[in-house]
Structure formats: C-alpha cells, structure tokens
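K.L.:
Below is the file model-v8.pdb, with PDB, C-alpha atoms.
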```pdb
MODEL        1
ATOM      1  CA  MET X   1     173.435  67.268-116.312  1.00  0.00           C
ATOM      2  CA  ASN X   2     172.430  65.736-113.013  1.00  0.00           C
ATOM      3  CA  ASP X   3     169.605  63.348-112.130  1.00  0.00           C
ATOM      4  CA  THR X   4     167.122  66.106-111.364  1.00  0.00           C
ATOM      5  CA  GLU X   5     167.565  67.651-114.829  1.00  0.00           C
ATOM      6  CA  MET X   6     166.921  64.392-116.703  1.00  0.00           C
ATOM      7  CA  ARG X   7     163.460  63.525-117.931  1.00  0.00           C
ATOM      8  CA  LYS X   8     161.508  60.861-116.131  1.00  0.00           C
ATOM      9  CA  GLU X   9     160.417  59.261-119.415  1.00  0.00           C
ATOM     10  CA  TYR X  10     161.576  59.418-123.013  1.00  0.00           C
ATOM     11  CA  ASN X  11     159.437  58.803-126.090  1.00  0.00           C
ATOM     12  CA  PHE X  12     161.226  56.726-128.735  1.00  0.00           C
ATOM     13  CA  GLU X  13     158.066  56.080-130.738  1.00  0.00           C
ATOM     14  CA  ASN X  14     159.263  58.018-133.808  1.00  0.00           C
ATOM     15  CA  SER X  15     162.956  57.131-133.555  1.00  0.00           C
ATOM     16  CA  VAL X  16     164.851  55.591-136.461  1.00  0.00           C
ATOM     17  CA  SER X  17     167.956  53.448-136.415  1.00  0.00           C
ATOM     18  CA  ASN X  18     171.274  55.005-137.384  1.00  0.00           C
ATOM     19  CA  PRO X  19     171.863  54.217-141.081  1.00  0.00           C
ATOM     20  CA  TYR X  20     175.622  54.753-140.675  1.00  0.00           C
ATOM     21  CA  THR X  21     176.202  51.900-138.275  1.00  0.00           C
ATOM     22  CA  LYS X  22     176.829  48.396-139.488  1.00  0.00           C
ATOM     23  CA  THR X  23     175.253  45.639-137.496  1.00  0.00           C
ATOM     24  CA  LYS X  24     177.550  42.758-136.723  1.00  0.00           C
ATOM     25  CA  LYS X  25     176.774  39.682-134.703  1.00  0.00           C
ATOM     26  CA  ALA X  26     179.176  38.461-132.038  1.00  0.00           C
ATOM     27  CA  ILE X  27     179.915  34.726-132.207  1.00  0.00           C
ATOM     28  CA  THR X  28     182.400  32.295-130.737  1.00  0.00           C
ATOM     29  CA  ILE X  29     184.541  30.503-133.292  1.00  0.00           C
ATOM     30  CA  ARG X  30     187.453  28.100-132.914  1.00  0.00           C
ATOM     31  CA  LEU X  31     190.325  28.786-135.295  1.00  0.00           C
ATOM     32  CA  GLU X  32     193.587  26.979-135.896  1.00  0.00           C
ATOM     33  CA  PRO X  33     196.580  28.749-134.299  1.00  0.00           C
ATOM     34  CA  GLN X  34     198.298  29.166-137.694  1.00  0.00           C
ATOM     35  CA  ALA X  35     195.208  30.935-139.097  1.00  0.00           C
ATOM     36  CA  ILE X  36     195.187  33.372-136.180  1.00  0.00           C
ATOM     37  CA  ALA X  37     198.943  33.960-136.514  1.00  0.00           C
ATOM     38  CA  TYR X  38     198.544  34.627-140.241  1.00  0.00           C
ATOM     39  CA  PHE X  39     195.900  37.309-139.727  1.00  0.00           C
ATOM     40  CA  LYS X  40     197.715  38.833-136.725  1.00  0.00           C
ATOM     41  CA  GLU X  41     200.894  39.181-138.804  1.00  0.00           C
ATOM     42  CA  MET X  42     198.946  40.752-141.655  1.00  0.00           C
ATOM     43  CA  SER X  43     197.223  43.109-139.207  1.00  0.00           C
ATOM     44  CA  VAL X  44     200.581  44.557-138.172  1.00  0.00           C
ATOM     45  CA  GLU X  45     201.508  45.153-141.835  1.00  0.00           C
ATOM     46  CA  LEU X  46     198.170  46.774-142.695  1.00  0.00           C
ATOM     47  CA  GLY X  47     197.486  48.570-139.413  1.00  0.00           C
ATOM     48  CA  LEU X  48     194.081  46.950-138.925  1.00  0.00           C
ATOM     49  CA  PRO X  49     192.801  44.716-136.122  1.00  0.00           C
ATOM     50  CA  TYR X  50     193.128  41.044-137.012  1.00  0.00           C
ATOM     51  CA  GLN X  51     189.438  40.449-136.262  1.00  0.00           C
ATOM     52  CA  THR X  52     188.574  43.075-138.887  1.00  0.00           C
ATOM     53  CA  LEU X  53     190.778  41.304-141.444  1.00  0.00           C
ATOM     54  CA  ILE X  54     189.161  37.943-140.709  1.00  0.00           C
ATOM     55  CA  ASN X  55     185.715  39.524-141.087  1.00  0.00           C
ATOM     56  CA  MET X  56     186.720  41.218-144.361  1.00  0.00           C
ATOM     57  CA  PHE X  57     188.101  37.952-145.734  1.00  0.00           C
ATOM     58  CA  LEU X  58     185.051  35.904-144.779  1.00  0.00           C
ATOM     59  CA  THR X  59     182.698  38.580-146.157  1.00  0.00           C
ATOM     60  CA  GLN X  60     184.613  38.580-149.445  1.00  0.00           C
ATOM     61  CA  CYS X  61     184.375  34.772-149.598  1.00  0.00           C
ATOM     62  CA  ALA X  62     180.620  34.942-149.010  1.00  0.00           C
ATOM     63  CA  LEU X  63     180.088  37.637-151.653  1.00  0.00           C
ATOM     64  CA  GLU X  64     182.138  35.657-154.195  1.00  0.00           C
ATOM     65  CA  GLN X  65     180.462  32.395-153.081  1.00  0.00           C
ATOM     66  CA  LYS X  66     183.824  30.720-152.560  1.00  0.00           C
ATOM     67  CA  ARG X  67     183.877  27.218-151.153  1.00  0.00           C
ATOM     68  CA  PRO X  68     186.730  25.587-149.255  1.00  0.00           C
ATOM     69  CA  LYS X  69     188.616  22.628-150.638  1.00  0.00           C
ATOM     70  CA  LEU X  70     187.682  19.800-148.298  1.00  0.00           C
ATOM     71  CA  VAL X  71     190.519  17.390-147.655  1.00  0.00           C
ATOM     72  CA  TRP X  72     189.777  14.782-145.010  1.00  0.00           C
ATOM     73  CA  GLN X  73     192.753  13.380-143.136  1.00  0.00           C
TER      74      GLN X  73
ENDMDL
END
```
Kindly transcribe the structure held in the file into structure tokens.
P.N.:
Amino acid sequence: MNDTEMRKEYNFENSVSNPYTKTKKAITIRLEPQAIAYFKEMSVELGLPYQTLINMFLTQCALEQKRPKLVWQ
C-alpha cells in the first residue's frame, strides 16, 4: 500500500481497546547489583527475561500483601 492508497482521515470514534493486551507502566528503579544478578541467573534457568521475573515477583508480593523486613544499618 502506498501513500496514495491510504485514507486521508480515519474514524476511531467506535474503536475499543484490545482486551488481550496487558497495560504495564515503564518506570526507572534502582536495584542492588546482587538482586539483579539473582534474577538474571534465574532467568537463564527458566528461559524468561529477568525483567519479567522481577515483575512477576513484585506482582505476587502485591497480591499477597507481603511486606519487607526493614532492617536499618
């Protein structure tokens, strides 16, 4: 399809969002090197990207309402 075959305007008035896509939000987060190494090592074993594993772990923690043990040094 070239430029002359494309419509000048499109009407998205009745469009709906794709129910099969998950919406994720990109953020910047600082992690300890040993935490990154842990998830990268596990990602090789499981064949999943380490970012996916971190997301899965944090989502599980949120669903189970887990709280970290705070130890101040």
K.L.:
Which neighbours of region 49-55 of chain X fall inside 10 Å, counting all atoms listed in the file, when residues of the same chain fewer than 6 positions from it are skipped, and could you give them as a list in words?
P.N.:
Lys24, Ala35, Ile36, Ala37, Tyr38, Phe39, Lys40, Glu41, Met42, Ser43 and Cys61 of chain X
K.L.:
One decimal, in Å: what's the spacing between CA of Pro68 (chain X) and CA of Leu31 (chain X)?
P.N.:
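Pair CA of Pro68 (chain X) / CA of Leu31 (chain X) returns 14.8 Å.
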K.L.:
Report the distance between CA of Leu70 (chain X) and CA of Leu58 (chain X) in Å, rounded to one decimal place.
P.N.:
16.7 Å
K.L.:
Work out how far CA of Lys25 (chain X) is from CA of Glu13 (chain X), in Å to one decimal.
P.N.:
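Calculated distance between CA of Glu13 (chain X) and CA of Lys25 (chain X) is 25.2 Å.
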